file work.csv (CSV, C-alpha atoms)
chain,number,residue,atom,x,y,z
A,1,MET,CA,0.0,0.0,0.0
A,2,PRO,CA,1.2,3.6,-0.6
A,3,ARG,CA,2.8,5.5,2.1
A,4,PHE,CA,1.4,9.0,2.2
A,5,VAL,CA,3.1,12.4,2.9
A,6,ASP,CA,0.9,15.2,4.2
A,7,ILE,CA,2.3,18.7,3.5
A,8,HIS,CA,-0.6,20.6,5.3
A,9,CYS,CA,-1.5,19.6,8.8
A,10,HIS,CA,-2.0,21.6,12.0
A,11,LEU,CA,-0.3,19.0,14.2
A,12,ALA,CA,1.9,21.2,16.4
A,13,PRO,CA,0.4,21.5,19.8
A,14,GLY,CA,-1.0,24.7,21.3
A,15,VAL,CA,0.2,27.1,18.6
A,16,ASP,CA,-2.9,27.8,16.5
A,17,ASP,CA,-6.4,26.5,15.9
A,18,GLY,CA,-5.1,23.0,15.4
A,19,ALA,CA,-4.0,20.4,18.0
A,20,ILE,CA,-5.0,21.9,21.4
A,21,ASP,CA,-2.2,20.2,23.4
A,22,LEU,CA,0.4,17.4,23.2
A,23,ALA,CA,-2.2,14.7,23.9
A,24,ALA,CA,-4.2,15.8,20.8
A,25,SER,CA,-1.0,15.9,18.7
A,26,LEU,CA,-0.1,12.4,19.7
A,27,ALA,CA,-3.6,11.1,19.0
A,28,MET,CA,-3.5,12.8,15.6
A,29,ALA,CA,-0.1,11.3,14.9
A,30,ALA,CA,-1.2,7.8,15.8
A,31,MET,CA,-4.3,8.1,13.6
A,32,ALA,CA,-2.2,9.4,10.7
A,33,VAL,CA,0.2,6.4,10.9
A,34,ALA,CA,-2.7,4.0,11.1
A,35,ASP,CA,-4.1,5.5,7.9
A,36,GLY,CA,-0.8,5.1,6.0
A,37,ILE,CA,0.8,8.5,6.5
A,38,GLN,CA,4.6,8.3,7.1
A,39,THR,CA,5.6,12.0,7.0
A,40,ILE,CA,3.8,15.2,8.0
A,41,VAL,CA,4.9,18.7,7.5
A,42,ALA,CA,3.5,20.6,10.5
A,43,THR,CA,2.0,23.8,9.2
A,44,PRO,CA,0.8,26.2,11.9
A,45,HIS,CA,-0.7,29.4,10.7
A,46,GLN,CA,1.7,32.3,10.1
A,47,LEU,CA,0.9,36.0,9.4
A,48,GLY,CA,-2.6,37.3,9.5
A,49,ALA,CA,-4.1,36.6,12.9
A,50,PHE,CA,-1.1,34.5,13.8
A,51,ARG,CA,1.8,37.0,13.3
A,52,ARG,CA,3.1,36.0,16.7
A,53,ASN,CA,4.1,32.6,15.4
A,54,SER,CA,7.8,33.0,14.7
A,55,GLY,CA,9.8,30.7,12.5
A,56,ASP,CA,12.2,29.7,15.3
A,57,ASP,CA,9.3,28.9,17.7
A,58,ILE,CA,7.7,26.6,15.1
A,59,ARG,CA,11.1,24.9,14.5
A,60,ARG,CA,11.5,24.4,18.2
A,61,ARG,CA,7.9,23.1,18.7
A,62,THR,CA,8.3,20.7,15.8
A,63,ALA,CA,11.6,19.3,17.2
A,64,GLU,CA,10.0,18.8,20.6
A,65,LEU,CA,7.0,17.0,19.0
A,66,GLN,CA,9.3,14.7,17.1
A,67,SER,CA,11.0,13.8,20.4
A,68,HIS,CA,7.7,13.0,22.0
A,69,LEU,CA,6.7,10.9,19.1
A,70,GLY,CA,9.8,8.8,19.5
A,71,LEU,CA,9.1,8.4,23.2
A,72,ALA,CA,5.5,7.3,22.4
A,73,GLY,CA,6.7,4.8,19.8
A,74,ILE,CA,4.8,6.5,17.0
A,75,PRO,CA,6.7,6.0,13.7
A,76,LEU,CA,6.0,9.4,12.1
A,77,THR,CA,8.5,11.9,10.7
A,78,VAL,CA,7.4,15.5,11.4
A,79,LEU,CA,9.0,18.5,9.6
A,80,PRO,CA,8.5,22.2,10.3
A,81,GLY,CA,6.5,24.4,7.9
A,82,ALA,CA,3.7,26.9,7.9
A,83,ASP,CA,0.3,27.8,6.4
A,84,VAL,CA,1.1,31.3,5.5
A,85,ARG,CA,-1.6,34.0,5.1
A,86,ILE,CA,-0.8,36.1,2.1
A,87,GLU,CA,0.3,39.6,3.2
A,88,GLU,CA,2.4,42.4,1.6
A,89,ASP,CA,5.5,41.6,3.6
A,90,LEU,CA,5.4,37.8,3.0
A,91,ALA,CA,8.3,37.6,0.6
A,92,ASP,CA,10.5,39.8,2.8
A,93,ARG,CA,9.8,37.7,5.9
A,94,LEU,CA,10.4,34.6,3.9
A,95,ALA,CA,13.8,35.8,2.9
A,96,THR,CA,14.9,36.2,6.5
A,97,GLY,CA,13.6,32.8,7.6
A,98,GLU,CA,11.0,34.3,9.8
A,99,VAL,CA,8.3,32.8,7.6
A,100,LEU,CA,8.8,29.1,7.0
A,101,THR,CA,8.9,27.1,3.8
A,102,LEU,CA,7.6,23.6,3.8
A,103,GLY,CA,10.0,21.2,5.5
A,104,ASP,CA,12.1,24.3,6.1
A,105,ARG,CA,13.9,23.4,2.9
A,106,GLY,CA,13.7,26.9,1.3
A,107,ARG,CA,11.9,25.6,-1.9
A,108,HIS,CA,8.1,25.7,-1.4
A,109,VAL,CA,5.8,27.9,0.6
A,110,LEU,CA,2.2,27.1,1.4
A,111,LEU,CA,0.0,30.2,0.6
A,112,GLU,CA,-3.3,30.8,2.2
A,113,LEU,CA,-5.8,33.3,0.7
A,114,PRO,CA,-8.6,34.8,2.9
A,115,HIS,CA,-11.4,32.3,2.7
A,116,GLU,CA,-14.0,34.8,1.6
A,117,LEU,CA,-12.2,36.4,-1.4
A,118,TYR,CA,-9.6,36.0,-4.1
A,119,PHE,CA,-7.1,38.6,-5.2
A,120,PRO,CA,-4.4,38.3,-7.9
A,121,LEU,CA,-1.3,36.3,-7.0
A,122,GLU,CA,0.9,36.8,-10.1
A,123,GLY,CA,3.0,39.6,-8.5
A,124,LEU,CA,3.7,37.4,-5.4
A,125,LEU,CA,4.5,34.4,-7.5
A,126,GLU,CA,7.1,36.5,-9.4
A,127,ALA,CA,8.6,37.8,-6.2
A,128,LEU,CA,8.9,34.3,-4.8
A,129,SER,CA,10.4,33.1,-8.1
A,130,ARG,CA,13.2,35.7,-7.7
A,131,GLN,CA,14.0,33.9,-4.4
A,132,ALA,CA,13.9,30.5,-6.1
A,133,VAL,CA,10.8,29.6,-4.1
A,134,VAL,CA,7.6,28.0,-5.5
A,135,GLY,CA,4.2,29.0,-4.2
A,136,ILE,CA,1.6,26.3,-3.4
A,137,LEU,CA,-1.9,27.5,-3.0
A,138,SER,CA,-3.7,25.8,-0.1
A,139,HIS,CA,-7.3,24.6,-0.6
A,140,PRO,CA,-8.3,26.7,-3.6
A,141,GLU,CA,-11.5,24.7,-3.9
A,142,ARG,CA,-12.6,26.2,-0.6
A,143,ASN,CA,-12.0,29.8,-1.5
A,144,ALA,CA,-15.2,31.8,-2.1
A,145,GLY,CA,-13.8,33.9,-4.9
A,146,LEU,CA,-12.4,30.9,-6.8
A,147,LEU,CA,-15.7,29.0,-6.3
A,148,ARG,CA,-17.3,31.9,-8.2
A,149,GLN,CA,-14.5,32.3,-10.8
A,150,ARG,CA,-12.9,28.9,-11.4
A,151,GLU,CA,-11.5,30.2,-14.7
A,152,LEU,CA,-8.8,31.9,-12.7
A,153,LEU,CA,-7.2,28.6,-11.6
A,154,ALA,CA,-5.7,27.4,-14.9
A,155,PRO,CA,-3.8,30.7,-15.6
A,156,LEU,CA,-2.3,30.4,-12.1
A,157,VAL,CA,-1.1,26.9,-12.7
A,158,ASP,CA,0.3,28.0,-16.1
A,159,ALA,CA,2.2,30.7,-14.2
A,160,GLY,CA,3.9,28.1,-12.1
A,161,CYS,CA,1.7,28.0,-9.0
A,162,LEU,CA,1.1,24.6,-7.6
A,163,MET,CA,-2.3,23.6,-6.2
A,164,GLN,CA,-3.1,21.6,-3.0
A,165,VAL,CA,-6.7,20.4,-2.4
A,166,THR,CA,-8.0,19.1,0.9
A,167,ALA,CA,-8.6,15.4,1.3
A,168,GLY,CA,-11.9,16.1,2.9
A,169,SER,CA,-13.1,18.2,0.0
A,170,LEU,CA,-12.9,15.2,-2.3
A,171,MET,CA,-15.1,13.3,0.2
A,172,GLY,CA,-17.7,16.1,0.5
A,173,ALA,CA,-16.7,17.2,4.0
A,174,PHE,CA,-16.9,20.9,3.0
A,175,GLY,CA,-20.1,20.7,1.0
A,176,PRO,CA,-21.0,19.8,-2.6
A,177,ARG,CA,-19.7,23.0,-4.2
A,178,CYS,CA,-16.2,22.5,-2.8
A,179,GLN,CA,-16.3,18.8,-3.7
A,180,GLU,CA,-17.4,19.6,-7.3
A,181,LEU,CA,-14.7,22.2,-7.8
A,182,ALA,CA,-12.0,19.8,-6.4
A,183,GLU,CA,-13.1,17.1,-8.8
A,184,TRP,CA,-13.3,19.6,-11.7
A,185,MET,CA,-9.7,20.7,-10.9
A,186,LEU,CA,-8.7,17.1,-10.9
A,187,SER,CA,-10.3,16.5,-14.2
A,188,LYS,CA,-8.4,19.5,-15.7
A,189,GLY,CA,-5.0,18.4,-14.4
A,190,LEU,CA,-4.9,21.4,-12.0
A,191,VAL,CA,-4.1,19.5,-8.8
A,192,HIS,CA,-0.6,18.7,-7.6
A,193,PHE,CA,-1.1,17.7,-4.0
A,194,VAL,CA,-3.8,16.2,-1.7
A,195,ALA,CA,-3.3,17.1,1.9
A,196,THR,CA,-5.4,16.7,5.1
A,197,ASP,CA,-5.4,20.2,6.5
A,198,ALA,CA,-6.1,18.3,9.7
A,199,HIS,CA,-6.9,20.3,12.9
A,200,GLY,CA,-7.7,17.6,15.5
A,201,PRO,CA,-8.2,14.0,16.4
A,202,LYS,CA,-12.0,14.2,16.4
A,203,ALA,CA,-13.0,16.7,13.7
A,204,ARG,CA,-11.0,17.4,10.5
A,205,ARG,CA,-8.8,14.4,11.2
A,206,PRO,CA,-5.4,13.5,9.5
A,207,LEU,CA,-6.8,11.0,7.1
A,208,MET,CA,-5.7,10.5,3.5
A,209,ARG,CA,-6.6,7.0,2.3
A,210,ARG,CA,-10.2,7.6,1.3
A,211,ALA,CA,-9.2,10.7,-0.7
A,212,TYR,CA,-6.4,8.6,-2.3
A,213,ASP,CA,-8.9,6.0,-3.3
A,214,ARG,CA,-11.2,8.7,-4.7
A,215,VAL,CA,-8.3,10.2,-6.9
A,216,CYS,CA,-7.6,6.7,-8.2
A,217,GLU,CA,-11.2,6.1,-8.9
A,218,LEU,CA,-11.6,9.4,-10.9
A,219,THR,CA,-8.2,9.1,-12.7
A,220,ASP,CA,-5.8,6.3,-12.1
A,221,VAL,CA,-3.3,4.9,-9.5
A,222,THR,CA,-0.4,6.9,-10.9
A,223,ALA,CA,-2.2,10.1,-10.2
A,224,GLY,CA,-3.1,8.9,-6.7
A,225,ARG,CA,0.5,8.1,-5.9
A,226,ASP,CA,1.7,11.4,-7.4
A,227,LEU,CA,-0.7,13.6,-5.6
A,228,CYS,CA,-0.6,11.8,-2.2
A,229,CYS,CA,2.9,10.3,-2.1
A,230,ASP,CA,5.5,11.3,-4.6
A,231,TYR,CA,4.9,15.0,-5.2
A,232,PRO,CA,4.4,15.8,-1.4
A,233,GLY,CA,7.4,13.6,-0.7
A,234,ARG,CA,9.5,15.8,-3.1
A,235,VAL,CA,8.3,18.9,-1.2
A,236,ALA,CA,9.3,17.4,2.1
A,237,ALA,CA,12.7,16.6,0.7
A,238,GLY,CA,13.2,20.0,-0.9
A,239,ALA,CA,13.1,18.6,-4.4
A,240,ASP,CA,11.5,19.9,-7.6
A,241,VAL,CA,7.8,19.2,-8.4
A,242,PRO,CA,6.6,19.2,-12.0
A,243,ALA,CA,4.7,22.4,-12.5
A,244,GLY,CA,1.9,23.2,-14.9
A,245,ARG,CA,-1.1,21.2,-15.9
A,246,ARG,CA,-0.9,17.4,-15.3
A,247,ALA,CA,-1.9,15.1,-18.1
A,248,VAL,CA,-5.2,13.4,-17.2
A,249,ALA,CA,-5.0,9.7,-17.8
A,250,LYS,CA,-8.7,9.1,-18.4
A,251,ARG,CA,-12.1,10.7,-18.2
A,252,ALA,CA,-14.2,9.2,-15.5
A,253,ARG,CA,-17.7,10.2,-14.4
A,254,TRP,CA,-16.6,13.5,-12.8
A,255,GLY,CA,-18.8,14.4,-9.9
A,256,ARG,CA,-21.5,12.3,-8.3
call {"tool": "encode", "arguments": {"input": "work.csv", "output": "C-alpha cells"}}
result
Amino acid sequence: MPRFVDIHCHLAPGVDDGAIDLAASLAMAAMAVADGIQTIVATPHQLGAFRRNSGDDIRRRTAELQSHLGLAGIPLTVLPGADVRIEEDLADRLATGEVLTLGDRGRHVLLELPHELYFPLEGLLEALSRQAVVGILSHPERNAGLLRQRELLAPLVDAGCLMQVTAGSLMGAFGPRCQELAEWMLSKGLVHFVATDAHGPKARRPLMRRAYDRVCELTDVTAGRDLCCDYPGRVAAGADVPAGRRAVAKRARWGR
C-alpha cells in the first residue's frame, strides 16, 4: 500500500487552531500512521491573525514534537513548515527565515488566501520566483472567490503556481460546491497535492486513504500516488515538483 506524505497539517500542539495540546497531537499522529501517513509537515498558521508565530518557535515546537513521538513509539516523521496567510511583507519575511517554507527546505511555501475572497497572485509568484521559491496555493477549492470564478485557476497553474486540495473536499466534507470544484480541478489536471489540513483527532482528522482511493477512482493509480505520495514527498525533501497542468489519464464520471 502507498505511504502518504501530508504537507498541510496543523499538528503542532497549542500554537494555532489545530491540536490543542500534546495529547491531541499524539492522538492525531497515531491516527495518521494507522491511515498510512509516514511523514507530516506541521503547518501552523503564520501571518494574518497569527503573526506571533515565529519561524524559530515553530522549528522548536516541531523538534519537541518529534522527540515526544519517539518516546511514544509512533513511527512518524514531522517536519517544520507553515500555512502562510498572504500579506504584503510575506516575501521579505520569507527571505529572513521568519516565515517558514515547507519542511524548512527553502523551496516551497504554502500560501493561504482569505477564505471569503480571491485577489491576484501573479506579483507574489514572481517575487517568490526571484527567491527560487515556488508557491503552493492551499485549498483553492474552498475559496469563495475561486468558487465563483474557477476560470482563474488554470492561468495560475500555467504561471507556475502549484495547487493543494484538501482530502476532505474530495469526500464532500466541506459541502457539494467544494467537492465539485475539487473534482473539476482534478479532471483538468490542476491538482498537484492532496493534503489533510487536519486540525484535531475528532474533527478534521489527519486521514488520507479515502481521498487517495477517490483520486484513483476518478483518474488512475499513478495520479493517486503522485498527488498523495510522490509530489508531497518531493516537497518534504526540498526537491522539484513538476509544474503546470498534469496530463489526465482518463475521463471518469466526474462528480456524483
call {"tool": "residues_around", "arguments": {"input": "work.csv", "residues": "Arg61 (chain A)", "least_positions_apart": "4", "cutoff": "8 Å", "atoms": "all atoms listed in the file", "output": "VMD selection string"}}
result
chain A and resid 12 to 13 57 65
call {"tool": "write_last_selection", "arguments": {"input": "work.csv", "atoms": "C-alpha atoms", "output": "PDB file, in the coordinates of the input"}}
result
ATOM      1  CA  ALA A  12       1.900  21.200  16.400  1.00  0.00           C
ATOM      2  CA  PRO A  13       0.400  21.500  19.800  1.00  0.00           C
ATOM      3  CA  ASP A  57       9.300  28.900  17.700  1.00  0.00           C
ATOM      4  CA  LEU A  65       7.000  17.000  19.000  1.00  0.00           C
TER       5      LEU A  65
END
call {"tool": "atom_distance", "arguments": {"input": "work.csv", "atom1": "CA of Phe4 (chain A)", "atom2": "CA of Leu170 (chain A)"}}
result
16.2 Å
call {"tool": "residues_around", "arguments": {"input": "work.csv", "residues": "region 155-159 of chain A", "least_positions_apart": "4", "cutoff": "12 Å", "atoms": "all atoms listed in the file", "output": "JSON, numbers by chain"}}
result
{"A": [119, 120, 121, 122, 123, 124, 125, 126, 129, 134, 135, 136, 137, 140, 146, 149, 150, 151, 163, 164, 185, 188, 189, 190, 191, 192, 242, 243, 244, 245, 246]}
call {"tool": "residues_around", "arguments": {"input": "work.csv", "residues": "Leu100 (chain A)", "least_positions_apart": "3", "cutoff": "7 Å", "atoms": "only C-alpha atoms", "output": "ChimeraX atom specification"}}
result
/A:55,81-82,94,97,104
call {"tool": "residues_around", "arguments": {"input": "work.csv", "residues": "region 43-51 of chain A", "least_positions_apart": "2", "cutoff": "8 Å", "atoms": "all atoms listed in the file", "output": "list in words"}}
result
Ile7, His8, Cys9, His10, Leu11, Ala12, Val15, Asp16, Gly18, Val41, Asn53, Ser54, Ile58, Pro80, Gly81, Ala82, Asp83, Val84, Arg85, Ile86, Glu87, Val99 and Leu102 of chain A
call {"tool": "write_last_selection", "arguments": {"input": "work.csv", "atoms": "C-alpha atoms", "output": "mmCIF file, keeping the file's coordinate frame"}}
result
data_model
loop_
_atom_site.group_PDB
_atom_site.id
_atom_site.type_symbol
_atom_site.label_atom_id
_atom_site.label_comp_id
_atom_site.auth_asym_id
_atom_site.auth_seq_id
_atom_site.Cartn_x
_atom_site.Cartn_y
_atom_site.Cartn_z
ATOM 1 C CA ILE A 7 2.300 18.700 3.500
ATOM 2 C CA HIS A 8 -0.600 20.600 5.300
ATOM 3 C CA CYS A 9 -1.500 19.600 8.800
ATOM 4 C CA HIS A 10 -2.000 21.600 12.000
ATOM 5 C CA LEU A 11 -0.300 19.000 14.200
ATOM 6 C CA ALA A 12 1.900 21.200 16.400
ATOM 7 C CA VAL A 15 0.200 27.100 18.600
ATOM 8 C CA ASP A 16 -2.900 27.800 16.500
ATOM 9 C CA GLY A 18 -5.100 23.000 15.400
ATOM 10 C CA VAL A 41 4.900 18.700 7.500
ATOM 11 C CA ASN A 53 4.100 32.600 15.400
ATOM 12 C CA SER A 54 7.800 33.000 14.700
ATOM 13 C CA ILE A 58 7.700 26.600 15.100
ATOM 14 C CA PRO A 80 8.500 22.200 10.300
ATOM 15 C CA GLY A 81 6.500 24.400 7.900
ATOM 16 C CA ALA A 82 3.700 26.900 7.900
ATOM 17 C CA ASP A 83 0.300 27.800 6.400
ATOM 18 C CA VAL A 84 1.100 31.300 5.500
ATOM 19 C CA ARG A 85 -1.600 34.000 5.100
ATOM 20 C CA ILE A 86 -0.800 36.100 2.100
ATOM 21 C CA GLU A 87 0.300 39.600 3.200
ATOM 22 C CA VAL A 99 8.300 32.800 7.600
ATOM 23 C CA LEU A 102 7.600 23.600 3.800
#
call {"tool": "closest_residue", "arguments": {"input": "work.csv", "among": "A:Ala72, A:Val241, A:Ala95, A:Leu153", "to": "Leu22 (chain A)", "atoms": "all atoms listed in the file"}}
result
A:Ala72
call {"tool": "atom_distance", "arguments": {"input": "work.csv", "atom1": "CA of Ala239 (chain A)", "atom2": "CA of Gly106 (chain A)"}}
result
10.1 Å
call {"tool": "atom_distance", "arguments": {"input": "work.csv", "atom1": "CA of Thr39 (chain A)", "atom2": "CA of Val5 (chain A)"}}
result
4.8 Å
call {"tool": "decode", "arguments": {"input": "work.csv", "residues": "region 173-195 of chain A", "atoms": "N, CA and C atoms", "output": "PDB file, in the first residue's frame"}}
result
ATOM      1  N   ALA A 173     -16.691  16.703   2.615  1.00  0.00           N
ATOM      2  CA  ALA A 173     -16.730  17.188   3.990  1.00  0.00           C
ATOM      3  C   ALA A 173     -16.972  18.693   4.084  1.00  0.00           C
ATOM      4  N   PHE A 174     -16.671  19.439   3.011  1.00  0.00           N
ATOM      5  CA  PHE A 174     -16.864  20.887   3.021  1.00  0.00           C
ATOM      6  C   PHE A 174     -18.029  21.306   2.131  1.00  0.00           C
ATOM      7  N   GLY A 175     -18.882  20.363   1.791  1.00  0.00           N
ATOM      8  CA  GLY A 175     -20.071  20.663   1.011  1.00  0.00           C
ATOM      9  C   GLY A 175     -19.909  20.324  -0.459  1.00  0.00           C
ATOM     10  N   PRO A 176     -21.035  20.256  -1.174  1.00  0.00           N
ATOM     11  CA  PRO A 176     -21.008  19.809  -2.572  1.00  0.00           C
ATOM     12  C   PRO A 176     -20.293  20.764  -3.509  1.00  0.00           C
ATOM     13  N   ARG A 177     -20.339  22.070  -3.252  1.00  0.00           N
ATOM     14  CA  ARG A 177     -19.677  23.003  -4.167  1.00  0.00           C
ATOM     15  C   ARG A 177     -18.163  22.829  -4.111  1.00  0.00           C
ATOM     16  N   CYS A 178     -17.609  22.690  -2.912  1.00  0.00           N
ATOM     17  CA  CYS A 178     -16.167  22.472  -2.782  1.00  0.00           C
ATOM     18  C   CYS A 178     -15.769  21.126  -3.381  1.00  0.00           C
ATOM     19  N   GLN A 179     -16.575  20.110  -3.174  1.00  0.00           N
ATOM     20  CA  GLN A 179     -16.283  18.809  -3.742  1.00  0.00           C
ATOM     21  C   GLN A 179     -16.298  18.868  -5.267  1.00  0.00           C
ATOM     22  N   GLU A 180     -17.298  19.535  -5.819  1.00  0.00           N
ATOM     23  CA  GLU A 180     -17.407  19.609  -7.276  1.00  0.00           C
ATOM     24  C   GLU A 180     -16.229  20.363  -7.875  1.00  0.00           C
ATOM     25  N   LEU A 181     -15.802  21.451  -7.226  1.00  0.00           N
ATOM     26  CA  LEU A 181     -14.661  22.197  -7.750  1.00  0.00           C
ATOM     27  C   LEU A 181     -13.377  21.385  -7.630  1.00  0.00           C
ATOM     28  N   ALA A 182     -13.202  20.672  -6.518  1.00  0.00           N
ATOM     29  CA  ALA A 182     -12.016  19.831  -6.364  1.00  0.00           C
ATOM     30  C   ALA A 182     -11.961  18.767  -7.455  1.00  0.00           C
ATOM     31  N   GLU A 183     -13.088  18.148  -7.740  1.00  0.00           N
ATOM     32  CA  GLU A 183     -13.120  17.115  -8.775  1.00  0.00           C
ATOM     33  C   GLU A 183     -12.929  17.722 -10.164  1.00  0.00           C
ATOM     34  N   TRP A 184     -13.479  18.908 -10.383  1.00  0.00           N
ATOM     35  CA  TRP A 184     -13.261  19.591 -11.669  1.00  0.00           C
ATOM     36  C   TRP A 184     -11.784  19.909 -11.859  1.00  0.00           C
ATOM     37  N   MET A 185     -11.132  20.412 -10.816  1.00  0.00           N
ATOM     38  CA  MET A 185      -9.698  20.695 -10.893  1.00  0.00           C
ATOM     39  C   MET A 185      -8.919  19.431 -11.225  1.00  0.00           C
ATOM     40  N   LEU A 186      -9.306  18.338 -10.591  1.00  0.00           N
ATOM     41  CA  LEU A 186      -8.651  17.064 -10.868  1.00  0.00           C
ATOM     42  C   LEU A 186      -8.831  16.671 -12.332  1.00  0.00           C
ATOM     43  N   SER A 187     -10.024  16.879 -12.852  1.00  0.00           N
ATOM     44  CA  SER A 187     -10.309  16.498 -14.238  1.00  0.00           C
ATOM     45  C   SER A 187      -9.535  17.339 -15.236  1.00  0.00           C
ATOM     46  N   LYS A 188      -9.138  18.555 -14.841  1.00  0.00           N
ATOM     47  CA  LYS A 188      -8.409  19.460 -15.725  1.00  0.00           C
ATOM     48  C   LYS A 188      -6.897  19.414 -15.498  1.00  0.00           C
ATOM     49  N   GLY A 189      -6.443  18.529 -14.626  1.00  0.00           N
ATOM     50  CA  GLY A 189      -5.013  18.435 -14.360  1.00  0.00           C
ATOM     51  C   GLY A 189      -4.464  19.605 -13.578  1.00  0.00           C
ATOM     52  N   LEU A 190      -5.291  20.207 -12.724  1.00  0.00           N
ATOM     53  CA  LEU A 190      -4.896  21.406 -11.989  1.00  0.00           C
ATOM     54  C   LEU A 190      -4.561  21.130 -10.528  1.00  0.00           C
ATOM     55  N   VAL A 191      -4.427  19.867 -10.147  1.00  0.00           N
ATOM     56  CA  VAL A 191      -4.115  19.500  -8.764  1.00  0.00           C
ATOM     57  C   VAL A 191      -2.731  18.856  -8.725  1.00  0.00           C
ATOM     58  N   HIS A 192      -1.909  19.311  -7.771  1.00  0.00           N
ATOM     59  CA  HIS A 192      -0.570  18.743  -7.609  1.00  0.00           C
ATOM     60  C   HIS A 192      -0.412  17.978  -6.292  1.00  0.00           C
ATOM     61  N   PHE A 193      -1.247  18.317  -5.306  1.00  0.00           N
ATOM     62  CA  PHE A 193      -1.144  17.673  -3.987  1.00  0.00           C
ATOM     63  C   PHE A 193      -2.532  17.488  -3.384  1.00  0.00           C
ATOM     64  N   VAL A 194      -2.681  16.396  -2.651  1.00  0.00           N
ATOM     65  CA  VAL A 194      -3.807  16.227  -1.737  1.00  0.00           C
ATOM     66  C   VAL A 194      -3.216  16.211  -0.336  1.00  0.00           C
ATOM     67  N   ALA A 195      -3.780  16.999   0.568  1.00  0.00           N
ATOM     68  CA  ALA A 195      -3.294  17.063   1.945  1.00  0.00           C
ATOM     69  C   ALA A 195      -4.483  17.117   2.888  1.00  0.00           C
TER      70      ALA A 195
END
